[in-house]
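Raw contents of protein36.cif, mmCIF, N, CA and C atoms:
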data_upload
#
loop_
_atom_site.label_atom_id
_atom_site.label_comp_id
_atom_site.auth_asym_id
_atom_site.auth_seq_id
_atom_site.Cartn_x
_atom_site.Cartn_y
_atom_site.Cartn_z
N PHE A 1 -58.91 -8.82 -2.49
CA PHE A 1 -57.60 -8.98 -3.11
C PHE A 1 -56.51 -9.13 -2.06
N LYS A 2 -55.60 -10.02 -2.35
CA LYS A 2 -54.46 -10.20 -1.45
C LYS A 2 -53.35 -9.25 -1.86
N SER A 3 -52.64 -8.72 -0.89
CA SER A 3 -51.52 -7.85 -1.22
C SER A 3 -50.33 -8.71 -1.66
N LEU A 4 -49.43 -8.08 -2.37
CA LEU A 4 -48.25 -8.80 -2.86
C LEU A 4 -47.37 -9.30 -1.72
N ALA A 5 -47.31 -8.54 -0.66
CA ALA A 5 -46.46 -8.93 0.47
C ALA A 5 -47.01 -10.14 1.20
N SER A 6 -48.32 -10.26 1.29
CA SER A 6 -48.89 -11.36 2.06
C SER A 6 -48.87 -12.68 1.28
N THR A 7 -48.73 -12.64 -0.04
CA THR A 7 -48.68 -13.88 -0.80
C THR A 7 -47.36 -14.61 -0.65
N GLY A 8 -46.32 -13.90 -0.28
CA GLY A 8 -45.03 -14.54 -0.10
C GLY A 8 -44.16 -14.50 -1.34
N ARG A 9 -44.76 -14.18 -2.48
CA ARG A 9 -43.96 -14.15 -3.71
C ARG A 9 -42.93 -13.02 -3.71
N PHE A 10 -43.34 -11.89 -3.21
CA PHE A 10 -42.46 -10.70 -3.24
C PHE A 10 -42.04 -10.30 -1.83
N SER A 11 -41.99 -11.24 -0.93
CA SER A 11 -41.64 -10.90 0.44
C SER A 11 -40.18 -10.46 0.57
N PHE A 12 -39.35 -10.86 -0.40
CA PHE A 12 -37.95 -10.44 -0.34
C PHE A 12 -37.81 -8.94 -0.50
N LEU A 13 -38.78 -8.27 -1.12
CA LEU A 13 -38.73 -6.82 -1.28
C LEU A 13 -38.93 -6.11 0.05
N PHE A 14 -39.57 -6.78 0.99
CA PHE A 14 -39.91 -6.13 2.23
C PHE A 14 -39.07 -6.64 3.39
N SER A 15 -38.01 -7.34 3.11
CA SER A 15 -37.19 -7.90 4.18
C SER A 15 -36.38 -6.80 4.86
N SER A 16 -35.96 -7.08 6.05
CA SER A 16 -35.22 -6.08 6.82
C SER A 16 -33.79 -5.91 6.30
N SER A 17 -33.33 -6.84 5.48
CA SER A 17 -31.95 -6.72 4.99
C SER A 17 -31.80 -5.57 4.00
N LEU A 18 -32.88 -5.14 3.38
CA LEU A 18 -32.81 -4.04 2.43
C LEU A 18 -33.17 -2.70 3.06
N ARG A 19 -33.37 -2.69 4.36
CA ARG A 19 -33.80 -1.47 5.02
C ARG A 19 -32.76 -0.36 4.88
N ASN A 20 -31.49 -0.68 4.98
CA ASN A 20 -30.42 0.31 4.87
C ASN A 20 -29.74 0.20 3.52
N PHE A 21 -30.50 0.09 2.47
CA PHE A 21 -29.96 -0.16 1.14
C PHE A 21 -29.06 0.96 0.66
N GLY A 22 -29.43 2.22 0.88
CA GLY A 22 -28.67 3.34 0.34
C GLY A 22 -27.49 3.77 1.17
N ILE A 23 -27.28 3.20 2.32
CA ILE A 23 -26.20 3.63 3.21
C ILE A 23 -25.03 2.67 3.08
N LYS A 24 -23.89 3.19 2.73
CA LYS A 24 -22.68 2.37 2.65
C LYS A 24 -21.82 2.69 3.85
N ASN A 25 -21.41 1.71 4.59
CA ASN A 25 -20.56 1.92 5.76
C ASN A 25 -19.17 1.36 5.49
N ASN A 26 -18.21 1.97 6.15
CA ASN A 26 -16.86 1.42 6.07
C ASN A 26 -16.68 0.44 7.22
N ASN A 27 -15.50 -0.07 7.40
CA ASN A 27 -15.28 -1.12 8.39
C ASN A 27 -15.38 -0.62 9.82
N ARG A 28 -15.37 0.70 10.05
CA ARG A 28 -15.49 1.22 11.40
C ARG A 28 -16.93 1.53 11.77
N GLY A 29 -17.87 1.31 10.86
CA GLY A 29 -19.26 1.56 11.17
C GLY A 29 -19.69 2.99 10.93
N LEU A 30 -18.81 3.83 10.37
CA LEU A 30 -19.17 5.22 10.09
C LEU A 30 -19.69 5.33 8.66
N PRO A 31 -20.65 6.22 8.43
CA PRO A 31 -21.07 6.45 7.04
C PRO A 31 -19.90 6.99 6.23
N LYS A 32 -19.91 6.75 4.91
CA LYS A 32 -18.79 7.12 4.05
C LYS A 32 -18.49 8.61 4.08
N LYS A 33 -19.50 9.45 4.23
CA LYS A 33 -19.24 10.89 4.20
C LYS A 33 -18.47 11.38 5.42
N HIS A 34 -18.36 10.56 6.48
CA HIS A 34 -17.62 10.94 7.67
C HIS A 34 -16.35 10.12 7.82
N MET A 35 -15.70 9.81 6.70
CA MET A 35 -14.53 8.94 6.74
C MET A 35 -13.32 9.65 7.33
N TYR A 36 -13.16 10.94 7.07
CA TYR A 36 -12.02 11.70 7.57
C TYR A 36 -12.49 12.70 8.63
N LYS A 37 -11.60 12.99 9.59
CA LYS A 37 -11.89 14.02 10.58
C LYS A 37 -11.66 15.41 9.99
N THR A 38 -10.60 15.53 9.19
CA THR A 38 -10.31 16.82 8.57
C THR A 38 -10.87 16.83 7.15
N PRO A 39 -11.28 17.99 6.66
CA PRO A 39 -11.86 18.04 5.32
C PRO A 39 -10.84 17.69 4.25
N ILE A 40 -11.28 16.96 3.24
CA ILE A 40 -10.40 16.63 2.13
C ILE A 40 -10.45 17.76 1.11
N LEU A 41 -9.51 17.75 0.18
CA LEU A 41 -9.45 18.82 -0.83
C LEU A 41 -10.59 18.69 -1.82
N ARG A 42 -11.31 19.75 -2.02
CA ARG A 42 -12.29 19.84 -3.09
C ARG A 42 -11.73 20.86 -4.07
N MET A 43 -11.19 20.40 -5.17
CA MET A 43 -10.47 21.28 -6.07
C MET A 43 -11.43 21.93 -7.07
N LYS A 44 -12.22 22.88 -6.56
CA LYS A 44 -13.14 23.60 -7.42
C LYS A 44 -12.45 24.89 -7.87
N ASN A 45 -12.74 25.32 -9.05
CA ASN A 45 -12.21 26.57 -9.60
C ASN A 45 -10.69 26.62 -9.54
N LEU A 46 -10.08 25.57 -9.94
CA LEU A 46 -8.62 25.48 -9.90
C LEU A 46 -8.10 25.44 -11.32
N LYS A 47 -7.16 26.34 -11.63
CA LYS A 47 -6.57 26.39 -12.96
C LYS A 47 -5.21 25.72 -12.93
N PRO A 48 -4.99 24.70 -13.77
CA PRO A 48 -3.70 24.01 -13.76
C PRO A 48 -2.57 24.90 -14.29
N ILE A 49 -1.36 24.58 -13.87
CA ILE A 49 -0.16 25.29 -14.34
C ILE A 49 0.28 24.66 -15.65
N TYR A 50 0.69 25.49 -16.58
CA TYR A 50 1.26 24.97 -17.81
C TYR A 50 2.56 25.70 -18.08
N PRO A 51 3.64 25.07 -18.34
CA PRO A 51 3.91 23.63 -18.32
C PRO A 51 3.98 23.12 -16.88
N ALA A 52 3.70 21.87 -16.72
CA ALA A 52 3.70 21.24 -15.40
C ALA A 52 5.11 21.22 -14.82
N PRO A 53 5.26 21.43 -13.51
CA PRO A 53 6.59 21.47 -12.92
C PRO A 53 7.32 20.13 -12.95
N GLY A 54 6.61 19.02 -12.93
CA GLY A 54 7.25 17.71 -12.96
C GLY A 54 8.12 17.48 -11.74
N MET A 55 9.28 16.95 -11.95
CA MET A 55 10.17 16.64 -10.83
C MET A 55 10.92 17.88 -10.33
N ASP A 56 10.83 19.01 -11.04
CA ASP A 56 11.50 20.25 -10.63
C ASP A 56 10.58 21.12 -9.79
N LEU A 57 9.80 20.52 -8.94
CA LEU A 57 8.83 21.22 -8.11
C LEU A 57 9.54 22.06 -7.06
N GLN A 58 9.20 23.35 -7.00
CA GLN A 58 9.79 24.25 -6.00
C GLN A 58 8.96 24.17 -4.73
N LEU A 59 9.54 23.65 -3.66
CA LEU A 59 8.82 23.46 -2.41
C LEU A 59 8.87 24.73 -1.57
N PRO A 60 7.74 25.10 -0.94
CA PRO A 60 7.76 26.27 -0.05
C PRO A 60 8.46 25.94 1.27
N ASP A 61 8.65 26.94 2.10
CA ASP A 61 9.31 26.75 3.40
C ASP A 61 8.28 26.36 4.46
N TRP A 62 7.60 25.28 4.23
CA TRP A 62 6.60 24.78 5.18
C TRP A 62 7.19 23.60 5.92
N SER A 63 6.66 23.39 7.10
CA SER A 63 7.01 22.16 7.83
C SER A 63 6.15 21.02 7.28
N PRO A 64 6.55 19.78 7.52
CA PRO A 64 5.71 18.66 7.06
C PRO A 64 4.31 18.71 7.68
N GLU A 65 4.23 19.15 8.94
CA GLU A 65 2.92 19.23 9.60
C GLU A 65 2.01 20.23 8.90
N GLU A 66 2.56 21.38 8.53
CA GLU A 66 1.75 22.40 7.86
C GLU A 66 1.27 21.91 6.48
N PHE A 67 2.16 21.26 5.73
CA PHE A 67 1.77 20.74 4.42
C PHE A 67 0.68 19.67 4.56
N LEU A 68 0.87 18.75 5.50
CA LEU A 68 -0.10 17.67 5.66
C LEU A 68 -1.43 18.18 6.22
N LYS A 69 -1.41 19.26 6.99
CA LYS A 69 -2.67 19.88 7.43
C LYS A 69 -3.38 20.50 6.24
N ARG A 70 -2.62 21.12 5.36
CA ARG A 70 -3.23 21.82 4.22
C ARG A 70 -3.82 20.86 3.19
N ILE A 71 -3.26 19.67 3.04
CA ILE A 71 -3.87 18.75 2.09
C ILE A 71 -5.06 18.02 2.70
N GLY A 72 -5.16 17.97 4.03
CA GLY A 72 -6.31 17.36 4.69
C GLY A 72 -6.23 15.85 4.73
N GLY A 73 -7.40 15.20 4.87
CA GLY A 73 -7.46 13.75 4.84
C GLY A 73 -6.83 13.06 6.04
N ASP A 74 -6.79 13.73 7.20
CA ASP A 74 -6.22 13.17 8.44
C ASP A 74 -4.75 12.83 8.31
N CYS A 75 -4.04 13.47 7.41
CA CYS A 75 -2.61 13.17 7.23
C CYS A 75 -1.74 13.87 8.27
N TRP A 76 -2.23 14.93 8.89
CA TRP A 76 -1.42 15.69 9.85
C TRP A 76 -1.05 14.86 11.07
N GLU A 77 -1.79 13.78 11.33
CA GLU A 77 -1.49 12.94 12.48
C GLU A 77 -0.15 12.22 12.32
N TYR A 78 0.33 12.12 11.09
CA TYR A 78 1.57 11.38 10.81
C TYR A 78 2.70 12.32 10.39
N ALA A 79 2.58 13.59 10.72
CA ALA A 79 3.60 14.56 10.35
C ALA A 79 4.91 14.33 11.09
N ASP A 80 4.85 13.73 12.27
CA ASP A 80 6.08 13.50 13.03
C ASP A 80 6.95 12.42 12.42
N LYS A 81 6.44 11.68 11.44
CA LYS A 81 7.22 10.64 10.75
C LYS A 81 8.20 11.24 9.74
N PHE A 82 7.99 12.51 9.36
CA PHE A 82 8.83 13.17 8.36
C PHE A 82 9.62 14.28 9.04
N GLU A 83 10.88 14.44 8.64
CA GLU A 83 11.71 15.50 9.20
C GLU A 83 11.55 16.81 8.43
N THR A 84 11.53 16.71 7.10
CA THR A 84 11.40 17.91 6.26
C THR A 84 10.32 17.67 5.21
N LEU A 85 9.94 18.74 4.54
CA LEU A 85 8.97 18.63 3.47
C LEU A 85 9.54 17.85 2.29
N GLN A 86 10.85 17.93 2.11
CA GLN A 86 11.50 17.16 1.05
C GLN A 86 11.34 15.66 1.28
N ASP A 87 11.33 15.24 2.55
CA ASP A 87 11.11 13.83 2.86
C ASP A 87 9.72 13.38 2.43
N VAL A 88 8.74 14.24 2.60
CA VAL A 88 7.37 13.90 2.19
C VAL A 88 7.33 13.63 0.69
N PHE A 89 8.06 14.42 -0.07
CA PHE A 89 8.05 14.26 -1.52
C PHE A 89 9.00 13.18 -2.02
N ASP A 90 9.98 12.78 -1.21
CA ASP A 90 10.93 11.76 -1.64
C ASP A 90 10.52 10.34 -1.27
N PHE A 91 9.78 10.20 -0.16
CA PHE A 91 9.45 8.85 0.31
C PHE A 91 8.43 8.19 -0.60
N SER A 92 8.66 6.91 -0.86
CA SER A 92 7.73 6.11 -1.67
C SER A 92 6.74 5.41 -0.73
N SER A 93 5.81 4.69 -1.33
CA SER A 93 4.81 3.99 -0.53
C SER A 93 5.42 2.92 0.38
N PRO A 94 6.38 2.11 -0.10
CA PRO A 94 6.99 1.13 0.82
C PRO A 94 7.73 1.78 1.99
N LYS A 95 8.37 2.92 1.72
CA LYS A 95 9.07 3.63 2.80
C LYS A 95 8.08 4.16 3.82
N MET A 96 6.92 4.68 3.34
CA MET A 96 5.89 5.16 4.27
C MET A 96 5.27 3.99 5.04
N LYS A 97 5.22 2.84 4.41
CA LYS A 97 4.71 1.65 5.10
C LYS A 97 5.64 1.26 6.24
N GLU A 98 6.95 1.39 6.03
CA GLU A 98 7.91 1.11 7.09
C GLU A 98 7.74 2.07 8.27
N LEU A 99 7.26 3.29 7.98
CA LEU A 99 7.03 4.29 9.02
C LEU A 99 5.67 4.12 9.70
N ASN A 100 4.94 3.05 9.34
CA ASN A 100 3.64 2.73 9.92
C ASN A 100 2.57 3.79 9.64
N ILE A 101 2.57 4.30 8.43
CA ILE A 101 1.50 5.19 7.99
C ILE A 101 0.42 4.32 7.34
N PRO A 102 -0.84 4.46 7.75
CA PRO A 102 -1.91 3.61 7.20
C PRO A 102 -2.08 3.77 5.70
N PRO A 103 -2.60 2.75 5.03
CA PRO A 103 -2.73 2.78 3.56
C PRO A 103 -3.57 3.94 3.03
N ARG A 104 -4.66 4.28 3.72
CA ARG A 104 -5.52 5.36 3.24
C ARG A 104 -4.77 6.69 3.18
N GLN A 105 -4.01 6.99 4.24
CA GLN A 105 -3.24 8.24 4.26
C GLN A 105 -2.06 8.18 3.29
N ARG A 106 -1.44 7.01 3.15
CA ARG A 106 -0.34 6.88 2.17
C ARG A 106 -0.84 7.20 0.77
N LYS A 107 -1.95 6.59 0.39
CA LYS A 107 -2.50 6.82 -0.95
C LYS A 107 -2.89 8.28 -1.13
N TYR A 108 -3.46 8.87 -0.09
CA TYR A 108 -3.89 10.27 -0.17
C TYR A 108 -2.69 11.19 -0.37
N ILE A 109 -1.64 10.98 0.40
CA ILE A 109 -0.43 11.81 0.28
C ILE A 109 0.19 11.63 -1.11
N LEU A 110 0.32 10.39 -1.56
CA LEU A 110 0.93 10.12 -2.88
C LEU A 110 0.10 10.74 -4.00
N HIS A 111 -1.22 10.71 -3.87
CA HIS A 111 -2.09 11.29 -4.90
C HIS A 111 -1.92 12.80 -4.96
N LYS A 112 -1.87 13.46 -3.81
CA LYS A 112 -1.70 14.93 -3.79
C LYS A 112 -0.31 15.33 -4.29
N LYS A 113 0.71 14.52 -3.97
CA LYS A 113 2.05 14.81 -4.51
C LYS A 113 2.04 14.74 -6.03
N GLU A 114 1.38 13.73 -6.57
CA GLU A 114 1.32 13.58 -8.02
C GLU A 114 0.55 14.73 -8.67
N LEU A 115 -0.52 15.18 -8.03
CA LEU A 115 -1.27 16.33 -8.57
C LEU A 115 -0.42 17.60 -8.57
N LEU A 116 0.41 17.76 -7.54
CA LEU A 116 1.31 18.92 -7.50
C LEU A 116 2.36 18.82 -8.60
N ARG A 117 2.87 17.64 -8.86
CA ARG A 117 3.89 17.47 -9.91
C ARG A 117 3.30 17.67 -11.30
N ARG A 118 2.05 17.28 -11.48
CA ARG A 118 1.40 17.46 -12.78
C ARG A 118 0.97 18.90 -13.03
N GLY A 119 0.92 19.70 -11.98
CA GLY A 119 0.49 21.08 -12.12
C GLY A 119 -1.01 21.27 -11.97
N VAL A 120 -1.72 20.22 -11.61
CA VAL A 120 -3.16 20.33 -11.42
C VAL A 120 -3.46 21.03 -10.10
N LEU A 121 -2.69 20.74 -9.07
CA LEU A 121 -2.81 21.35 -7.76
C LEU A 121 -1.61 22.26 -7.56
N THR A 122 -1.81 23.41 -6.92
CA THR A 122 -0.71 24.36 -6.72
C THR A 122 -0.54 24.65 -5.23
N PHE A 123 0.65 25.10 -4.87
CA PHE A 123 0.90 25.49 -3.48
C PHE A 123 0.13 26.75 -3.14
N ASP A 124 -0.13 27.62 -4.12
CA ASP A 124 -0.94 28.82 -3.86
C ASP A 124 -2.35 28.43 -3.46
N TYR A 125 -2.89 27.41 -4.10
CA TYR A 125 -4.22 26.94 -3.74
C TYR A 125 -4.22 26.35 -2.33
N LEU A 126 -3.18 25.60 -2.00
CA LEU A 126 -3.08 25.04 -0.65
C LEU A 126 -2.93 26.15 0.39
N LYS A 127 -2.22 27.21 0.04
CA LYS A 127 -2.03 28.33 0.96
C LYS A 127 -3.34 29.04 1.24
N SER A 128 -4.27 29.03 0.27
CA SER A 128 -5.52 29.75 0.43
C SER A 128 -6.58 28.97 1.22
N ARG A 129 -6.30 27.73 1.55
CA ARG A 129 -7.27 26.94 2.33
C ARG A 129 -7.41 27.51 3.73
N THR A 130 -8.65 27.61 4.20
CA THR A 130 -8.88 28.20 5.52
C THR A 130 -9.32 27.17 6.56
N LYS A 131 -10.04 26.14 6.15
CA LYS A 131 -10.54 25.13 7.09
C LYS A 131 -9.50 24.03 7.22
N LEU A 132 -8.66 24.13 8.25
CA LEU A 132 -7.57 23.17 8.41
C LEU A 132 -7.71 22.32 9.67
N GLU A 133 -8.57 22.72 10.61
CA GLU A 133 -8.69 22.00 11.86
C GLU A 133 -9.67 20.84 11.74
N PRO A 134 -9.50 19.81 12.56
CA PRO A 134 -10.46 18.69 12.53
C PRO A 134 -11.86 19.15 12.87
N CYS A 135 -12.86 18.59 12.20
CA CYS A 135 -14.24 19.00 12.42
C CYS A 135 -14.95 18.12 13.45
N ARG A 136 -14.33 17.05 13.90
CA ARG A 136 -14.94 16.22 14.94
C ARG A 136 -14.04 16.14 16.13
#

Would you put the structure from the file into structure tokens?
Amino acid sequence: FKSLASTGRFSFLFSSSLRNFGIKNNNRGLPKKHMYKTPILRMKNLKPIYPAPGMDLQLPDWSPEEFLKRIGGDCWEYADKFETLQDVFDFSSPKMKELNIPPRQRKYILHKKELLRRGVLTFDYLKSRTKLEPCR
């Protein structure tokens, strides 16, 4: 009996192009699980606030660097672009683009701001985070 691979009919199943089928890489050649140097937020066991604070969010007395370290996602590298924490919450995506903040970090910051405004994420939860330093 001839094997399926030697007949040539199913040789596409054994080609080298499918060797890394399960691994997705980003444009820098790193596997997806190593996309950020600092850990991103995993919001497990988090109870939302009701009613949501909305635009009346009470900001703590943190520096922009401390806030951006606490949310993770390599955002702390761009903390020098903001003067106060209020600037972080006031700036829109086009304004952050003018400050040369990359799109991935812009989206990450805007998403965490929106979660804080909706009451899904709280400053108490951010305060309780312990792993804030880069892991690589």

Determine, counting only C-alpha atoms, which protein, DNA and RNA residues have an atom within 12 Å of an atom of Phe91 of chain A; residues of the same chain fewer than 2 positions away are not included. Present the result as a ChimeraX atom specification. /A:81-89,93-99,101,106,109-110,113

Distance in Å - atom CA of Leu121 of chain A versus atom CA of Ala52 of chain A: 10.0 Å

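The coordinates place atom C of Leu126 of chain A at 9.7 Å from atom N of Lys69 of chain A.
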
With only N, CA and C atoms as the atoms that count, which of A:Tyr78, A:Thr122, A:Arg129, A:Pro48 lies nearest to Pro64 of chain A?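 Among the listed residues, the smallest separation from Pro64 of chain A belongs to A:Tyr78.
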
Report as an MDAnalysis selection string all protein, DNA and RNA residues lying within 6 Å of Val120 of chain A, evaluated on all atoms listed in the file, omitting residues in the same chain fewer than 3 positions from it. chainID A and resid 47:49 115:117

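What separates atom CA of Lys112 of chain A from atom CA of Glu65 of chain A is a distance of 14.8 Å.
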
Which one of A:Arg104, A:Arg118, A:Lys127, A:His111 sits closest to Pro51 of chain A if you count only N, CA and C atoms? A:Arg118

Nearest residue to Trp62 of chain A from the set A:Phe123, A:Glu114, A:Ser92, A:Asp74 (distances using only C-alpha atoms):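 Smallest distance to Trp62 of chain A is found for A:Phe123.
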
Run DSSP on the backbone of this structure and report the residues of segment 65-103 of chain A it assigns to helix (DSSP H, G or I), as a count of residues only. 27

Would you fill the gaps in segment 92-102 of chain A so it has all heavy atoms, then print it as a compact mmCIF listing (two decimals), in the frame of the given file?
# COMPACT_ATOMS: atom_id res chain seq x y z
N SER A 92 8.66 6.91 -0.86
CA SER A 92 7.73 6.11 -1.67
C SER A 92 6.74 5.41 -0.73
O SER A 92 6.85 5.48 0.49
CB SER A 92 8.50 5.09 -2.50
OG SER A 92 9.19 4.22 -1.63
N SER A 93 5.81 4.69 -1.33
CA SER A 93 4.81 3.99 -0.53
C SER A 93 5.42 2.92 0.38
O SER A 93 5.05 2.82 1.55
CB SER A 93 3.74 3.38 -1.44
OG SER A 93 2.72 2.80 -0.69
N PRO A 94 6.38 2.11 -0.10
CA PRO A 94 6.99 1.13 0.82
C PRO A 94 7.73 1.78 1.99
O PRO A 94 7.71 1.26 3.10
CB PRO A 94 7.96 0.35 -0.07
CG PRO A 94 7.46 0.52 -1.45
CD PRO A 94 6.81 1.86 -1.48
N LYS A 95 8.37 2.92 1.72
CA LYS A 95 9.07 3.63 2.80
C LYS A 95 8.08 4.16 3.82
O LYS A 95 8.31 4.10 5.03
CB LYS A 95 9.91 4.77 2.21
CG LYS A 95 10.63 5.59 3.23
CD LYS A 95 11.70 4.81 3.95
CE LYS A 95 12.47 5.73 4.88
NZ LYS A 95 13.34 5.01 5.77
N MET A 96 6.92 4.68 3.34
CA MET A 96 5.89 5.16 4.27
C MET A 96 5.27 3.99 5.04
O MET A 96 4.87 4.15 6.18
CB MET A 96 4.80 5.91 3.50
CG MET A 96 5.21 7.27 2.99
SD MET A 96 3.81 8.08 2.26
CE MET A 96 4.60 9.31 1.27
N LYS A 97 5.22 2.84 4.41
CA LYS A 97 4.71 1.65 5.10
C LYS A 97 5.64 1.26 6.24
O LYS A 97 5.18 0.86 7.31
CB LYS A 97 4.55 0.50 4.11
CG LYS A 97 3.91 -0.72 4.70
CD LYS A 97 3.71 -1.79 3.66
CE LYS A 97 3.01 -3.00 4.25
NZ LYS A 97 2.76 -4.03 3.24
N GLU A 98 6.95 1.39 6.03
CA GLU A 98 7.91 1.11 7.09
C GLU A 98 7.74 2.07 8.27
O GLU A 98 8.02 1.72 9.41
CB GLU A 98 9.33 1.23 6.57
CG GLU A 98 9.75 0.14 5.62
CD GLU A 98 11.12 0.37 5.05
OE1 GLU A 98 11.84 1.28 5.53
OE2 GLU A 98 11.48 -0.34 4.09
N LEU A 99 7.26 3.29 7.98
CA LEU A 99 7.03 4.29 9.02
C LEU A 99 5.67 4.12 9.70
O LEU A 99 5.27 4.97 10.49
CB LEU A 99 7.14 5.70 8.43
CG LEU A 99 8.49 6.08 7.86
CD1 LEU A 99 8.43 7.42 7.17
CD2 LEU A 99 9.54 6.09 8.96
N ASN A 100 4.94 3.05 9.34
CA ASN A 100 3.64 2.73 9.92
C ASN A 100 2.57 3.79 9.64
O ASN A 100 1.77 4.12 10.50
CB ASN A 100 3.75 2.49 11.43
CG ASN A 100 4.59 1.29 11.75
OD1 ASN A 100 4.60 0.33 11.01
ND2 ASN A 100 5.34 1.36 12.84
N ILE A 101 2.57 4.30 8.43
CA ILE A 101 1.50 5.19 7.99
C ILE A 101 0.42 4.32 7.34
O ILE A 101 0.74 3.50 6.48
CB ILE A 101 2.04 6.25 7.00
CG1 ILE A 101 3.11 7.10 7.70
CG2 ILE A 101 0.92 7.12 6.47
CD1 ILE A 101 3.80 8.07 6.81
N PRO A 102 -0.84 4.46 7.75
CA PRO A 102 -1.91 3.61 7.20
C PRO A 102 -2.08 3.77 5.70
O PRO A 102 -1.75 4.82 5.13
CB PRO A 102 -3.17 4.07 7.94
CG PRO A 102 -2.70 4.84 9.10
CD PRO A 102 -1.34 5.37 8.77
